[in-house]
Each structure stands twice: as structure tokens, then as C-alpha cells.
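For reference, my_file-v8.cif is printed below; it contains mmCIF, C-alpha atoms.
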data_work
#
loop_
_atom_site.label_atom_id
_atom_site.label_comp_id
_atom_site.auth_asym_id
_atom_site.auth_seq_id
_atom_site.Cartn_x
_atom_site.Cartn_y
_atom_site.Cartn_z
CA MET A 1 -0.49 -10.08 -26.50
CA ARG A 2 -0.05 -9.74 -22.75
CA GLN A 3 -0.51 -6.22 -21.39
CA THR A 4 1.45 -4.70 -18.57
CA THR A 5 -0.38 -3.49 -15.48
CA CYS A 6 0.02 0.07 -16.69
CA GLU A 7 -1.47 -0.73 -20.11
CA ARG A 8 -4.35 -2.64 -18.54
CA GLY A 9 -4.75 0.11 -16.00
CA TRP A 10 -4.81 3.77 -16.82
CA GLY A 11 -2.13 3.84 -19.52
CA ARG A 12 -2.10 7.02 -21.61
CA PHE A 13 -5.71 7.69 -20.64
CA GLY A 14 -4.77 8.22 -17.00
CA THR A 15 -2.27 10.90 -17.90
CA ARG A 16 -4.88 12.78 -19.92
CA VAL A 17 -7.51 12.49 -17.19
CA LEU A 18 -5.16 13.67 -14.48
CA ALA A 19 -3.95 16.51 -16.69
CA GLY A 20 -7.57 17.49 -17.33
CA VAL A 21 -8.35 17.37 -13.63
CA THR A 22 -5.26 19.43 -12.86
CA VAL A 23 -6.22 22.07 -15.43
CA PHE A 24 -9.77 22.09 -14.10
CA VAL A 25 -8.72 22.57 -10.48
CA PHE A 26 -6.29 25.31 -11.47
CA LEU A 27 -8.90 27.14 -13.54
CA VAL A 28 -11.58 26.92 -10.89
CA SER A 29 -9.16 28.13 -8.24
CA PHE A 30 -7.94 30.92 -10.52
CA VAL A 31 -11.41 32.09 -11.49
CA VAL A 32 -12.92 31.86 -8.01
CA SER A 33 -9.98 32.66 -5.71
CA GLY A 34 -7.50 34.47 -7.88
CA PRO A 35 -4.01 33.36 -8.92
CA GLY A 36 -1.69 31.68 -6.47
CA ARG A 37 -4.37 30.05 -4.34
CA VAL A 38 -4.52 26.57 -5.86
CA ARG A 39 -4.26 24.03 -3.07
CA ALA A 40 -2.37 20.89 -3.97
CA SER A 41 -4.76 18.91 -1.77
CA GLU A 42 -7.66 19.70 -4.12
CA ILE A 43 -5.81 18.08 -7.02
CA GLU A 44 -4.33 15.24 -5.00
CA THR A 45 -7.59 14.20 -3.36
CA LEU A 46 -9.43 13.53 -6.61
CA GLN A 47 -6.43 11.91 -8.27
CA SER A 48 -5.67 9.77 -5.25
CA SER A 49 -9.22 8.52 -4.76
CA VAL A 50 -9.56 7.40 -8.37
CA ILE A 51 -6.10 5.89 -8.66
CA SER A 52 -6.12 4.18 -5.27
CA THR A 53 -9.59 2.73 -5.86
CA ASP A 54 -8.48 1.40 -9.24
CA LEU A 55 -5.30 -0.08 -7.76
CA PHE A 56 -7.20 -1.65 -4.85
CA LEU A 57 -9.81 -3.15 -7.18
CA ASN A 58 -7.07 -4.47 -9.45
CA TRP A 59 -5.17 -5.98 -6.49
CA LEU A 60 -8.10 -7.74 -4.78
CA PRO A 61 -8.56 -10.69 -7.19
CA SER A 62 -4.87 -11.55 -6.83
CA GLN A 63 -5.46 -12.19 -3.13
CA LYS A 64 -7.51 -15.34 -3.72
CA SER A 65 -5.56 -17.52 -1.31
CA SER A 66 -4.78 -14.94 1.40
CA LEU A 67 -8.43 -13.81 1.56
CA LYS A 68 -9.83 -17.30 0.88
CA LEU A 69 -11.87 -16.07 -2.09
CA SER A 70 -14.10 -18.38 -4.08
CA SER A 71 -13.93 -18.44 -7.87
CA ASP A 72 -17.27 -16.63 -7.99
CA GLN A 73 -15.92 -13.90 -5.71
CA VAL A 74 -12.83 -13.46 -7.88
CA LYS A 75 -15.01 -13.17 -10.99
CA GLU A 76 -17.27 -10.60 -9.30
CA LEU A 77 -14.28 -8.57 -8.08
CA ARG A 78 -12.89 -8.48 -11.62
CA ASP A 79 -16.28 -7.33 -12.92
CA ILE A 80 -16.38 -4.55 -10.33
CA GLN A 81 -12.91 -3.40 -11.34
CA VAL A 82 -13.76 -3.36 -15.05
CA ASP A 83 -17.01 -1.47 -14.41
CA PHE A 84 -15.17 1.13 -12.33
CA ARG A 85 -12.43 1.57 -14.90
CA LEU A 86 -14.89 2.01 -17.77
CA ARG A 87 -16.96 4.54 -15.81
CA SER A 88 -13.81 6.43 -14.79
CA GLN A 89 -12.64 6.55 -18.40
CA ASP A 90 -15.99 7.91 -19.61
CA LEU A 91 -16.04 10.60 -16.93
CA GLY A 92 -12.36 11.38 -17.44
CA LYS A 93 -12.83 11.98 -21.15
CA GLU A 94 -15.60 14.48 -20.48
CA ILE A 95 -13.55 16.15 -17.74
CA GLY A 96 -10.64 16.53 -20.16
CA VAL A 97 -12.80 18.07 -22.88
CA LEU A 98 -14.41 20.54 -20.50
CA ALA A 99 -11.11 21.48 -18.87
CA THR A 100 -9.59 22.20 -22.28
CA ARG A 101 -12.58 24.31 -23.25
CA LEU A 102 -12.34 26.25 -19.99
CA ALA A 103 -8.63 26.86 -20.48
CA THR A 104 -9.36 28.33 -23.90
CA TRP A 105 -12.11 30.60 -22.58
CA VAL A 106 -10.11 31.82 -19.59
CA SER A 107 -7.28 32.85 -21.90
CA LYS A 108 -9.61 35.14 -23.91
CA TYR A 109 -10.25 38.81 -23.37
CA PRO A 110 -12.88 39.31 -22.19
CA ILE A 111 -13.56 35.98 -20.51
CA PRO A 112 -16.99 34.72 -21.69
CA LEU A 113 -18.48 34.26 -18.22
CA GLU A 114 -21.83 33.14 -19.63
CA LYS A 115 -20.02 30.08 -21.04
CA VAL A 116 -17.64 29.48 -18.13
CA ARG A 117 -20.08 29.13 -15.22
CA PRO A 118 -22.16 26.22 -16.66
CA LYS A 119 -18.98 24.33 -17.56
CA ILE A 120 -17.60 24.77 -14.06
CA ARG A 121 -20.86 23.40 -12.68
CA ARG A 122 -20.68 20.42 -15.03
CA LEU A 123 -17.07 19.73 -14.06
CA SER A 124 -18.09 19.79 -10.42
CA GLU A 125 -20.85 17.27 -11.18
CA LEU A 126 -18.38 15.03 -13.00
CA ARG A 127 -15.95 15.10 -10.09
CA SER A 128 -18.81 14.14 -7.78
CA GLU A 129 -19.84 11.31 -10.09
CA LEU A 130 -16.26 10.03 -10.19
CA THR A 131 -16.02 10.05 -6.40
CA TYR A 132 -19.42 8.36 -6.08
CA SER A 133 -18.37 5.73 -8.61
CA ALA A 134 -15.34 4.88 -6.47
CA ILE A 135 -17.46 4.64 -3.32
CA ARG A 136 -20.13 2.58 -5.09
CA SER A 137 -17.44 0.17 -6.31
CA LEU A 138 -16.14 -0.27 -2.78
CA ALA A 139 -19.69 -0.93 -1.57
CA ARG A 140 -20.00 -3.62 -4.26
CA VAL A 141 -16.76 -5.15 -2.98
CA GLN A 142 -18.23 -5.20 0.52
CA GLY A 143 -21.29 -6.99 -0.87
CA THR A 144 -19.03 -9.57 -2.51
CA LEU A 145 -16.74 -10.26 0.45
CA ASN A 146 -17.78 -11.34 3.92
CA ARG A 147 -16.81 -9.10 6.85
CA ASP A 148 -13.67 -11.11 7.71
CA GLN A 149 -12.45 -10.99 4.10
CA TRP A 150 -13.14 -7.25 3.90
CA ASP A 151 -11.28 -6.55 7.14
CA ALA A 152 -8.34 -8.73 6.06
CA ALA A 153 -8.19 -7.03 2.65
CA ARG A 154 -8.13 -3.58 4.24
CA ARG A 155 -5.47 -4.64 6.72
CA ILE A 156 -3.21 -6.17 4.04
CA TRP A 157 -3.75 -3.21 1.69
CA SER A 158 -2.94 -0.68 4.44
CA THR A 159 0.28 -2.54 5.21
CA LEU A 160 1.27 -2.57 1.54
CA ILE A 161 0.58 1.14 1.18
CA ALA A 162 2.56 1.95 4.33
CA GLU A 163 5.51 -0.14 3.13
CA HIS A 164 5.62 1.62 -0.22
CA ALA A 165 4.79 5.12 0.96
CA VAL A 166 7.42 5.38 3.68
CA PRO A 167 10.94 4.32 2.73
CA GLY A 168 12.09 1.52 5.01
CA ALA A 169 8.77 1.24 6.86
CA SER A 170 7.79 -2.29 7.90
CA ARG A 171 10.71 -3.81 6.03
CA GLY A 172 12.68 -4.92 9.00
CA SER A 173 14.69 -1.70 9.11
CA GLY A 174 15.08 -2.22 12.83
CA SER A 175 14.81 1.45 13.64
CA ALA A 176 12.31 2.46 16.27
CA HIS A 177 11.87 6.20 16.04
#
Take the structure in the file and write it out as C-alpha cells.
Amino acid sequence: MRQTTCERGWGRFGTRVLAGVTVFVFLVSFVVSGPGRVRASEIETLQSSVISTDLFLNWLPSQKSSLKLSSDQVKELRDIQVDFRLRSQDLGKEIGVLATRLATWVSKYPIPLEKVRPKIRRLSELRSELTYSAIRSLARVQGTLNRDQWDAARRIWSTLIAEHAVPGASRGSGSAH
């Protein structure tokens, strides 16, 4: 049975991970800074780095002709993507469990601080591991591609992101603001 990109990608797992990350960021901000001080950028940065790395790694093998990739390079790029996705899923599951546990403890009176602090530290470690996993995957891509392929991939990817992020951008809209 052929899977859609979403099913092959994050699927239902991605929603749970991002929900866990969101709860975690909210709780940490609430506990440390007080209510009302959650910065959207804290949530968006982690979500964006994981999702954009996964999307980029998923997109690369499809660029065989435009990047002049060999069959071995395509295979290696697919391996990198699978490794990143599996690592992200493992970390995401643990993040979700810890975030749920924290939410339960923060809702209690009194808050069991002796339990909360170690979990916050562990969540911070997991976020760091997730970010490092994304960076390590990109370094593996650099080791697979030559410099010209890497530069071309970044250029094409940046153009695609700009076209989809800004309505009408680079689509021959003819406006020059």
C-alpha cells in the first residue's frame, strides 16, 4: 500500500511530538517566568528545525537529476533521512511523556518541585539532542554531496521555501515592491 508523504513523514506522531513540545515550552515558561511570558519563538524554533530538516532530507533524493546525484548518493540521502526520522521519533516520544508528566505535576497543589526540576533538565537535554540530530544529519548530507551539489540544493530549497512562504513571491507576479 502506497503511503502519502504525510503518512511516511510525521503523520500522527508529529502532532503528538509538537503538542508535547508545546506543553513543555509552556510549562517551563510558566514555572520559570510566570504566566503570560511564553514566547512563540521558543516553540516555533524547535518545531521548525525538526520539521524543516525532515522535509529537506525527504526532498533531497527527489532532486537526482537537478543535483546530478549518483544512485549511491540517493541511497545514502535516503538512509540519512530514515535515521533522522527514527531518532526524532524516539526523542519525541520521550518528550511527550515527560511533558505530560510535568503538566500533571504543575496542576497539583503543592507542586512537587523535587520531581519537576529533574524532568525539566531532562526535557532540555532532549531538545538539545533533537537539535544536534538535525545538525548531524545535515553534516552527513554535506559528506554525501560535493560542494557544488550542496550549494545548488540550498539554493533550490531556499527558492522553494520563499515561493511557498510568501504568497505570490517568485511566481511571476510582476510586482516589484
Inset, instruction - Evaluate the PyMOL selection byres ((chain A and resi 79-93) around 7) on the structure here and hand back the selected residues as a ChimeraX atom specification. - result: /A:17,54,57-58,75-78,94-97,126,130,133-134,137
Inset, instruction - For the file shown, report as an MDAnalysis selection string the outcome of the PyMOL selection byres ((chain A and resi 152) around 12) at residue level. - result: chainID A and resid 60 63:69 142 145:151 153:159
Inset, instruction - Would you work out the distance separating CA of Arg140 (chain A) from CA of Trp59 (chain A), expressed in Å to one decimal? - result: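 Value for the CA of Arg140 (chain A)-CA of Trp59 (chain A) distance: 15.2 Å.
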Inset, instruction - Scan for residues within 10 Å of the point (-14.8, 7.7, -5.5) in the coordinates of the file, using only C-alpha atoms, and reply as JSON, numbers by chain. - result: {"A": [45, 46, 47, 48, 49, 50, 51, 52, 53, 54, 84, 88, 127, 128, 129, 130, 131, 132, 133, 134, 135, 136, 137, 138]}
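Here CA of Ser71 (chain A) is placed at a distance of 20.3 Å from CA of Leu55 (chain A).
Interatomic distance, CA of Thr104 (chain A) to CA of Pro118 (chain A): 14.9 Å.
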